[in-house]
Structures are given as C-alpha cells and as structure tokens.
>>> print(open('data_9.txt').read())   # compact mmCIF, C-alpha atoms
# COMPACT_ATOMS: atom_id res chain seq x y z
CA MET A 33 49.64 -24.37 -119.20
CA GLN A 34 48.75 -24.33 -122.89
CA ILE A 35 45.46 -22.68 -123.85
CA ALA A 36 44.16 -22.97 -127.40
CA SER A 37 47.65 -23.36 -128.80
CA SER A 38 47.91 -24.02 -132.52
CA ASP A 39 48.75 -27.33 -134.10
CA HIS A 40 52.17 -26.13 -135.28
CA THR A 41 53.50 -25.69 -131.74
CA ARG A 42 56.85 -27.47 -131.51
CA TYR A 43 58.20 -28.82 -128.23
CA LEU A 44 61.94 -28.75 -127.79
CA VAL A 45 61.74 -30.45 -124.38
CA GLY A 46 58.80 -32.44 -123.03
CA GLY A 47 55.44 -32.19 -124.76
CA GLU A 48 53.43 -34.99 -123.16
CA PRO A 49 50.14 -33.59 -121.77
CA LEU A 50 49.39 -34.48 -118.16
CA TRP A 51 45.86 -33.03 -118.32
CA GLU A 52 43.57 -32.09 -121.21
CA LYS A 53 40.05 -30.71 -121.43
CA ASN A 54 37.91 -28.80 -123.91
CA VAL A 55 36.06 -25.86 -122.36
CA MET A 56 33.71 -23.82 -124.54
CA GLY A 57 35.69 -24.63 -127.66
CA PHE A 58 39.10 -23.98 -126.08
CA ASP A 59 41.58 -26.85 -125.76
CA LEU A 60 43.03 -26.55 -122.28
CA SER A 61 45.95 -28.68 -121.24
CA PHE A 62 48.79 -28.84 -118.77
CA THR A 63 51.83 -29.84 -120.79
CA PRO A 64 55.26 -29.50 -119.16
CA GLY A 65 58.02 -28.62 -121.57
CA ILE A 66 59.72 -25.91 -123.57
CA THR A 67 58.21 -24.87 -126.91
CA THR A 68 59.63 -22.83 -129.76
CA TRP A 69 57.34 -19.91 -128.92
CA MET A 70 58.67 -19.89 -125.34
CA VAL A 71 62.22 -19.61 -126.68
CA VAL A 72 61.15 -16.79 -129.01
CA PHE A 73 59.47 -15.04 -126.04
CA TRP A 74 62.64 -15.29 -123.95
CA VAL A 75 64.89 -14.19 -126.82
CA ILE A 76 62.77 -11.09 -127.49
CA MET A 77 62.66 -10.26 -123.78
CA ALA A 78 66.42 -10.69 -123.41
CA GLY A 79 67.05 -8.71 -126.60
CA MET A 80 64.99 -5.76 -125.36
CA ILE A 81 66.77 -5.78 -122.00
CA ILE A 82 70.21 -5.90 -123.62
CA ALA A 83 69.29 -3.18 -126.14
CA GLY A 84 68.05 -0.98 -123.29
CA ILE A 85 71.25 -1.47 -121.32
CA ILE A 86 73.40 -0.67 -124.36
CA ALA A 87 71.34 2.40 -125.25
CA ALA A 88 71.57 3.79 -121.70
CA ARG A 89 75.16 2.77 -121.02
CA LYS A 90 76.80 5.96 -122.27
CA LYS A 91 74.33 8.81 -121.99
CA ALA A 92 75.23 12.00 -123.81
CA MET A 93 73.63 15.44 -124.00
CA VAL A 94 73.68 15.10 -127.79
CA PRO A 95 72.63 11.48 -128.39
CA LYS A 96 74.10 9.48 -131.24
CA GLY A 97 73.64 6.05 -132.72
CA ILE A 98 71.50 3.61 -130.77
CA GLN A 99 70.88 6.11 -127.97
CA ASN A 100 69.48 8.60 -130.46
CA PHE A 101 67.23 5.97 -132.04
CA ALA A 102 66.05 4.68 -128.63
CA GLU A 103 65.23 8.19 -127.39
CA TRP A 104 63.39 8.98 -130.62
CA CYS A 105 61.29 5.80 -130.36
CA TYR A 106 60.53 6.25 -126.68
CA GLY A 107 59.83 9.97 -127.01
CA SER A 108 57.48 9.52 -129.97
CA LEU A 109 55.51 6.74 -128.30
CA THR A 110 55.38 8.59 -124.97
CA ASN A 111 54.02 11.72 -126.65
CA PHE A 112 51.41 9.61 -128.43
CA PHE A 113 50.22 7.92 -125.24
CA GLY A 114 50.49 11.19 -123.34
CA GLY A 115 47.84 12.65 -125.61
CA ILE A 116 45.50 9.88 -124.42
CA ILE A 117 46.15 9.54 -120.70
CA GLY A 118 47.59 13.00 -120.01
CA GLU A 119 51.09 14.35 -119.54
CA ASP A 120 51.06 13.81 -115.77
CA LYS A 121 49.99 10.17 -115.96
CA VAL A 122 52.25 9.23 -118.86
CA LYS A 123 55.28 9.63 -116.58
CA ARG A 124 53.93 6.78 -114.45
CA PHE A 125 52.28 4.55 -117.05
CA GLY A 126 54.14 5.54 -120.22
CA PRO A 127 56.99 3.01 -119.77
CA LEU A 128 54.48 0.16 -119.45
CA LEU A 129 52.53 1.21 -122.56
CA VAL A 130 55.69 1.68 -124.62
CA THR A 131 56.97 -1.73 -123.49
CA PHE A 132 53.66 -3.34 -124.42
CA PHE A 133 53.76 -1.82 -127.90
CA MET A 134 57.36 -2.74 -128.65
CA PHE A 135 57.22 -6.22 -127.13
CA ILE A 136 53.97 -7.18 -128.86
CA LEU A 137 55.25 -5.75 -132.14
CA LEU A 138 58.39 -7.89 -131.98
CA CYS A 139 56.35 -10.95 -130.98
CA ASN A 140 54.04 -10.43 -133.96
CA TYR A 141 56.97 -10.02 -136.35
CA SER A 142 58.71 -13.14 -135.01
CA GLY A 143 56.05 -15.23 -136.74
CA LEU A 144 57.26 -13.97 -140.13
CA PHE A 145 60.63 -15.72 -139.89
CA PRO A 146 60.97 -19.24 -141.37
CA LEU A 147 63.28 -20.55 -138.64
CA ASN A 148 61.19 -23.40 -137.25
CA LEU A 149 62.87 -26.70 -138.21
CA HIS A 150 60.94 -29.87 -137.40
CA ASN A 151 61.51 -33.32 -138.88
CA GLY A 152 63.55 -31.79 -141.68
CA GLU A 153 60.79 -29.32 -142.65
CA LEU A 154 61.27 -25.56 -142.39
CA SER A 155 58.30 -23.42 -141.32
CA ASN A 156 57.67 -20.05 -139.74
CA LEU A 157 58.16 -19.59 -136.03
CA GLN A 158 55.01 -19.44 -133.94
CA ALA A 159 54.57 -15.91 -132.64
CA PRO A 160 54.10 -15.84 -128.85
CA THR A 161 51.06 -13.62 -129.40
CA ALA A 162 49.44 -16.50 -131.33
CA VAL A 163 49.10 -18.31 -127.99
CA PHE A 164 46.12 -17.33 -125.84
CA SER A 165 48.03 -17.98 -122.60
CA VAL A 166 50.43 -15.16 -123.52
CA THR A 167 47.84 -12.59 -124.60
CA LEU A 168 45.72 -13.38 -121.52
CA GLY A 169 48.76 -12.67 -119.36
CA PHE A 170 49.23 -9.30 -121.07
CA ALA A 171 45.55 -8.47 -120.58
CA MET A 172 45.67 -9.37 -116.87
CA ILE A 173 48.54 -6.93 -116.38
CA VAL A 174 46.41 -4.23 -118.02
CA PHE A 175 43.47 -5.23 -115.79
CA PHE A 176 45.39 -4.80 -112.53
CA VAL A 177 47.19 -1.63 -113.66
CA THR A 178 43.86 -0.11 -114.74
CA HIS A 179 42.32 -0.55 -111.30
CA PHE A 180 45.54 0.54 -109.61
CA ALA A 181 45.34 3.76 -111.64
CA GLY A 182 41.70 4.25 -110.66
CA ALA A 183 42.46 3.83 -106.96
CA ARG A 184 45.68 5.86 -107.20
CA TYR A 185 44.02 8.96 -108.68
CA ASN A 186 40.52 8.73 -107.18
CA GLY A 187 41.03 6.96 -103.85
CA PHE A 188 38.02 5.16 -102.44
CA GLY A 189 35.85 7.35 -104.65
CA TYR A 190 36.87 5.09 -107.52
CA LEU A 191 34.53 2.40 -106.21
CA LYS A 192 31.54 4.70 -106.71
CA HIS A 193 31.50 4.03 -110.44
CA PHE A 194 30.49 0.43 -109.72
CA ILE A 195 27.13 1.63 -108.39
CA SER A 196 26.58 4.53 -110.79
CA PRO A 197 24.04 5.70 -111.72
CA ILE A 198 22.18 3.26 -109.43
CA ALA A 199 23.31 0.41 -107.17
CA VAL A 200 21.48 -2.20 -109.25
CA MET A 201 24.14 -1.70 -111.94
CA LEU A 202 26.82 -3.30 -109.72
CA PRO A 203 26.70 -6.86 -111.18
CA PHE A 204 26.62 -5.56 -114.74
CA LEU A 205 29.59 -3.24 -114.22
CA ILE A 206 31.57 -6.03 -112.53
CA ILE A 207 30.89 -8.25 -115.56
CA GLU A 208 32.03 -5.40 -117.82
CA GLU A 209 35.31 -5.10 -115.94
CA ILE A 210 35.89 -8.84 -116.26
CA VAL A 211 35.05 -8.81 -119.97
CA HIS A 212 37.59 -6.06 -120.73
CA PRO A 213 40.75 -8.17 -120.28
CA LEU A 214 39.07 -11.17 -121.93
CA THR A 215 38.19 -9.25 -125.09
CA LEU A 216 41.58 -7.53 -125.08
CA SER A 217 43.39 -10.87 -125.03
CA LEU A 218 41.05 -12.58 -127.49
CA ARG A 219 41.36 -9.74 -130.01
CA LEU A 220 45.14 -9.95 -130.12
CA TYR A 221 45.29 -13.74 -130.02
CA GLY A 222 42.54 -14.23 -132.59
CA ASN A 223 44.00 -11.84 -135.13
CA VAL A 224 47.59 -13.07 -134.89
CA PHE A 225 46.63 -16.74 -134.73
CA GLY A 226 44.22 -16.27 -137.64
CA GLU A 227 46.87 -14.58 -139.76
CA GLU A 228 49.34 -17.38 -139.09
CA THR A 229 46.72 -20.02 -139.90
CA VAL A 230 45.84 -18.33 -143.20
CA VAL A 231 49.50 -18.15 -144.23
CA GLN A 232 49.98 -21.80 -143.28
CA GLN A 233 47.02 -22.96 -145.37
CA LEU A 234 47.95 -20.77 -148.34
CA THR A 235 51.45 -22.23 -148.24
CA LEU A 236 49.97 -25.68 -148.72
CA LEU A 237 47.82 -24.52 -151.65
CA CYS A 238 50.25 -22.19 -153.39
CA PRO A 239 53.71 -22.27 -151.79
CA TRP A 240 55.42 -19.61 -153.92
CA VAL A 241 53.49 -16.37 -154.51
CA VAL A 242 50.43 -15.93 -152.29
CA PRO A 243 52.15 -16.63 -148.93
CA ALA A 244 54.83 -14.05 -149.79
CA ILE A 245 52.14 -11.42 -150.33
CA MET A 246 50.51 -12.35 -147.00
CA GLU A 247 53.88 -12.07 -145.26
CA ILE A 248 54.28 -8.53 -146.60
CA LEU A 249 50.80 -7.66 -145.36
CA GLY A 250 51.74 -9.30 -142.06
CA VAL A 251 54.29 -6.54 -141.45
CA LEU A 252 51.50 -3.93 -141.48
CA PHE A 253 49.11 -6.28 -139.71
CA GLY A 254 51.54 -6.87 -136.83
CA LEU A 255 52.03 -3.14 -136.36
CA ILE A 256 48.29 -2.50 -136.25
CA GLN A 257 47.67 -5.23 -133.67
CA ALA A 258 50.44 -3.94 -131.38
CA LEU A 259 49.06 -0.42 -131.67
CA VAL A 260 45.46 -1.50 -131.00
CA PHE A 261 46.39 -3.42 -127.84
CA SER A 262 48.52 -0.65 -126.35
CA LEU A 263 46.00 2.01 -127.42
CA LEU A 264 43.11 0.21 -125.71
CA ALA A 265 45.28 -0.29 -122.62
CA ALA A 266 45.92 3.47 -122.54
CA ILE A 267 42.19 4.19 -122.92
CA TYR A 268 41.30 1.83 -120.06
CA ILE A 269 43.90 3.45 -117.79
CA SER A 270 42.77 6.95 -118.76
CA THR A 271 39.10 6.11 -118.13
CA ALA A 272 39.78 4.54 -114.73
CA SER A 273 42.02 7.36 -113.54
CA SER A 274 39.73 10.15 -114.70
CA LYS A 275 37.91 12.02 -111.94
CA ALA A 276 34.79 12.01 -114.11
CA HIS A 277 34.81 8.20 -114.20
>>> encode(input="data_9.txt", output="structure tokens")
Amino acid sequence: MQIASSDHTRYLVGGEPLWEKNVMGFDLSFTPGITTWMVVFWVIMAGMIIAGIIAARKKAMVPKGIQNFAEWCYGSLTNFFGGIIGEDKVKRFGPLLVTFFMFILLCNYSGLFPLNLHNGELSNLQAPTAVFSVTLGFAMIVFFVTHFAGARYNGFGYLKHFISPIAVMLPFLIIEEIVHPLTLSLRLYGNVFGEETVVQQLTLLCPWVVPAIMEILGVLFGLIQALVFSLLAAIYISTASSKAH
C-alpha cells in the first residue's frame, strides 16, 4: 500500500497500480512491487541488527571500540528519555524509544545520498520517512504502546481518564487519542517529504550551490525530526502511565 508517496519513488520490481483513489488530498493506491525506499528501509534495519550483534558479541567490563560507542549512545539516550518517563519506566520502554530515534535518524539521513539511478540519471534516495505509510506505521506502534503503558501502570483505572472530568467528554477524548498518532505521523512525513521536495526543486533551478547548502541543513533537520518524534512518543507514554493521568 502506497499512501501519498512522492513522484520520485522508483520501483525496482512491479509498479503497476491495481487500485487508486484520492481521499482528502491523499493519493491512495495498492501497488505491488519493491521500491528503492523499501530497500533502504531493509538495509537500515539489517545494518542496525548486525551492528547490535557485533557490539554485543564480546562484552567486556571495560568496553572498547564499537562496544564503547554503542554503550555511550544507548546510555546517553536512555538517560535523556529516563528524565521524561522516569527511571523505572525507561527500563521497559527505553529500548523502543532509543530504537525509534536511531532508526528514524538513519532513515532521514538516507535521503541525503545521491545513490538513486533511474534512466541514466542520478538523484538522491527517497528517505523511508518521506512516505506516509512508514510514518503512520511508526505512529501506530506508539499508539498501542502508549495505551499498553496506561493499562500496565494504572490497571482498569486508566479508563477513567476517558470520562474525566465528566462523562460527556468521552467522545472528545476518544477523538483526541485517535488524532495523536495521526499528527505524529503527519509531522514527521510532512517535514521530511517537504525537505526532499525543496531540495529536488532547487536542484532543477540551481544545481550547484543552493542544493548543497540545503543538504548541509538537512543533517541538522534530520536530527531534529528524529528527536521530536521520539520525544513526543516518550511524553505520550509518560502521560498515559502517570497515576495522575
């Protein structure tokens, strides 16, 4: 399923849509095949798994090399998220938040590499996070984990917040819970897709200087977007699991 995918999506296999429809400005289609962004997604996923296995293969009391770097990254991010959701909860949800940050960061940065060859023309890869289907999937994971955290730490009492302060608030609070993952996914998709579109158009207008400047800014931009997504995910989990919720 392709949702609002950009016009520079390249299919390596397949690519003929079996179903297409425009819904509220979004181009929805069911198009079997393998795209370049799918390959990038799988490569990043495999790379993170392999790096994790290598880093944990020979554990030492005094870490060196890749183990030292991996522990520093994980420890720094865990401490950061622990300050938001609490030291007790970060042991359970910290690995997910760290994975979100690192995976989204690498996905964002993948769009900076000019490795997309199509009909003899070289262009930047499409970042997986520039596809709404991907960011919506990330947001749905956050949605289910958030409510799992609420039920895990508050039991059935968690459901009380849907009728607080009065029962008439129930439909509005349900809508709010549905809107959370939608806005979370749209924010990430819109920013990354917008940045890629701007670079693409500037390349057509001035192919030498301006796009290079935008690519440099894209390094900072990709970091910010990864941080915002994982930070909001941590806030949602913290709010749902709080007894005062």
>>> residues_around(input="data_9.txt", residues="region 219-232 of chain A", least_positions_apart="6", cutoff="8 Å", atoms="all atoms listed in the file", output="mmCIF file with C-alpha atoms, keeping the file's coordinate frame")
data_model
loop_
_atom_site.group_PDB
_atom_site.id
_atom_site.type_symbol
_atom_site.label_atom_id
_atom_site.label_comp_id
_atom_site.auth_asym_id
_atom_site.auth_seq_id
_atom_site.Cartn_x
_atom_site.Cartn_y
_atom_site.Cartn_z
ATOM 1 C CA SER A 38 47.910 -24.020 -132.520
ATOM 2 C CA ASN A 140 54.040 -10.430 -133.960
ATOM 3 C CA GLY A 143 56.050 -15.230 -136.740
ATOM 4 C CA GLN A 158 55.010 -19.440 -133.940
ATOM 5 C CA ALA A 159 54.570 -15.910 -132.640
ATOM 6 C CA THR A 161 51.060 -13.620 -129.400
ATOM 7 C CA ALA A 162 49.440 -16.500 -131.330
ATOM 8 C CA VAL A 163 49.100 -18.310 -127.990
ATOM 9 C CA PHE A 164 46.120 -17.330 -125.840
ATOM 10 C CA THR A 167 47.840 -12.590 -124.600
ATOM 11 C CA PRO A 243 52.150 -16.630 -148.930
ATOM 12 C CA MET A 246 50.510 -12.350 -147.000
ATOM 13 C CA GLU A 247 53.880 -12.070 -145.260
ATOM 14 C CA GLY A 250 51.740 -9.300 -142.060
ATOM 15 C CA GLY A 254 51.540 -6.870 -136.830
ATOM 16 C CA GLN A 257 47.670 -5.230 -133.670
ATOM 17 C CA PHE A 261 46.390 -3.420 -127.840
#
>>> residues_around(input="data_9.txt", residues="Thr67 (chain A)", least_positions_apart="3", cutoff="7 Å", atoms="only C-alpha atoms", output="list in words")
Thr41, Arg42, Tyr43, Leu44, Met70 and Val71 of chain A
>>> residues_near_point(input="data_9.txt", point="(33.8, 1.2, -110.5)", cutoff="12 Å", atoms="all atoms listed in the file", output="number ranges by chain")
A: 178-183, 186-199, 201-210, 271-277
>>> residues_around(input="data_9.txt", residues="Ile76 (chain A)", least_positions_apart="2", cutoff="9 Å", atoms="all atoms listed in the file", output="mmCIF file with C-alpha atoms, in the coordinates of the input")
data_model
loop_
_atom_site.group_PDB
_atom_site.id
_atom_site.type_symbol
_atom_site.label_atom_id
_atom_site.label_comp_id
_atom_site.auth_asym_id
_atom_site.auth_seq_id
_atom_site.Cartn_x
_atom_site.Cartn_y
_atom_site.Cartn_z
ATOM 1 C CA VAL A 71 62.220 -19.610 -126.680
ATOM 2 C CA VAL A 72 61.150 -16.790 -129.010
ATOM 3 C CA PHE A 73 59.470 -15.040 -126.040
ATOM 4 C CA TRP A 74 62.640 -15.290 -123.950
ATOM 5 C CA ALA A 78 66.420 -10.690 -123.410
ATOM 6 C CA GLY A 79 67.050 -8.710 -126.600
ATOM 7 C CA MET A 80 64.990 -5.760 -125.360
ATOM 8 C CA ILE A 81 66.770 -5.780 -122.000
ATOM 9 C CA PHE A 135 57.220 -6.220 -127.130
ATOM 10 C CA LEU A 138 58.390 -7.890 -131.980
ATOM 11 C CA CYS A 139 56.350 -10.950 -130.980
ATOM 12 C CA SER A 142 58.710 -13.140 -135.010
#
>>> atom_distance(input="data_9.txt", atom1="CA of Leu255 (chain A)", atom2="CA of Phe132 (chain A)")
12.1 Å
>>> closest_residue(input="data_9.txt", among="A:Leu234, A:Leu263, A:Cys105, A:Ala92", to="Leu216 (chain A)", atoms="all atoms listed in the file")
A:Leu263
>>> residues_around(input="data_9.txt", residues="Arg124 (chain A)", least_positions_apart="3", cutoff="12 Å", atoms="all atoms listed in the file", output="JSON list (two decimals) with C-alpha atoms, in the frame of the given file")
[["chain", "number", "residue", "atom", "x", "y", "z"],
["A", 110, "THR", "CA", 55.38, 8.59, -124.97],
["A", 113, "PHE", "CA", 50.22, 7.92, -125.24],
["A", 114, "GLY", "CA", 50.49, 11.19, -123.34],
["A", 117, "ILE", "CA", 46.15, 9.54, -120.70],
["A", 118, "GLY", "CA", 47.59, 13.00, -120.01],
["A", 119, "GLU", "CA", 51.09, 14.35, -119.54],
["A", 120, "ASP", "CA", 51.06, 13.81, -115.77],
["A", 121, "LYS", "CA", 49.99, 10.17, -115.96],
["A", 127, "PRO", "CA", 56.99, 3.01, -119.77],
["A", 128, "LEU", "CA", 54.48, 0.16, -119.45],
["A", 129, "LEU", "CA", 52.53, 1.21, -122.56],
["A", 130, "VAL", "CA", 55.69, 1.68, -124.62],
["A", 177, "VAL", "CA", 47.19, -1.63, -113.66],
["A", 180, "PHE", "CA", 45.54, 0.54, -109.61],
["A", 181, "ALA", "CA", 45.34, 3.76, -111.64],
["A", 184, "ARG", "CA", 45.68, 5.86, -107.20],
["A", 185, "TYR", "CA", 44.02, 8.96, -108.68],
["A", 266, "ALA", "CA", 45.92, 3.47, -122.54],
["A", 269, "ILE", "CA", 43.90, 3.45, -117.79],
["A", 270, "SER", "CA", 42.77, 6.95, -118.76],
["A", 273, "SER", "CA", 42.02, 7.36, -113.54]]
>>> atom_distance(input="data_9.txt", atom1="CA of Leu157 (chain A)", atom2="CA of Phe145 (chain A)")
6.0 Å
>>> closest_residue(input="data_9.txt", among="A:Val211, A:Val260, A:Val174, A:Leu144", to="Ala244 (chain A)", atoms="all atoms listed in the file")
A:Leu144
>>> atom_distance(input="data_9.txt", atom1="CA of Gly126 (chain A)", atom2="CA of Leu218 (chain A)")
23.5 Å
>>> closest_residue(input="data_9.txt", among="A:Ile136, A:Glu52, A:Phe112, A:Ile85", to="Gln99 (chain A)", atoms="only C-alpha atoms")
A:Ile85
>>> residues_around(input="data_9.txt", residues="Lys90 (chain A)", least_positions_apart="6", cutoff="12 Å", atoms="all atoms listed in the file", output="PDB file with C-alpha atoms, keeping the file's coordinate frame")
ATOM      1  CA  GLY A  84      68.050  -0.980-123.290  1.00  0.00           C
ATOM      2  CA  LYS A  96      74.100   9.480-131.240  1.00  0.00           C
ATOM      3  CA  GLY A  97      73.640   6.050-132.720  1.00  0.00           C
ATOM      4  CA  ILE A  98      71.500   3.610-130.770  1.00  0.00           C
ATOM      5  CA  GLN A  99      70.880   6.110-127.970  1.00  0.00           C
ATOM      6  CA  ASN A 100      69.480   8.600-130.460  1.00  0.00           C
TER       7      ASN A 100
END
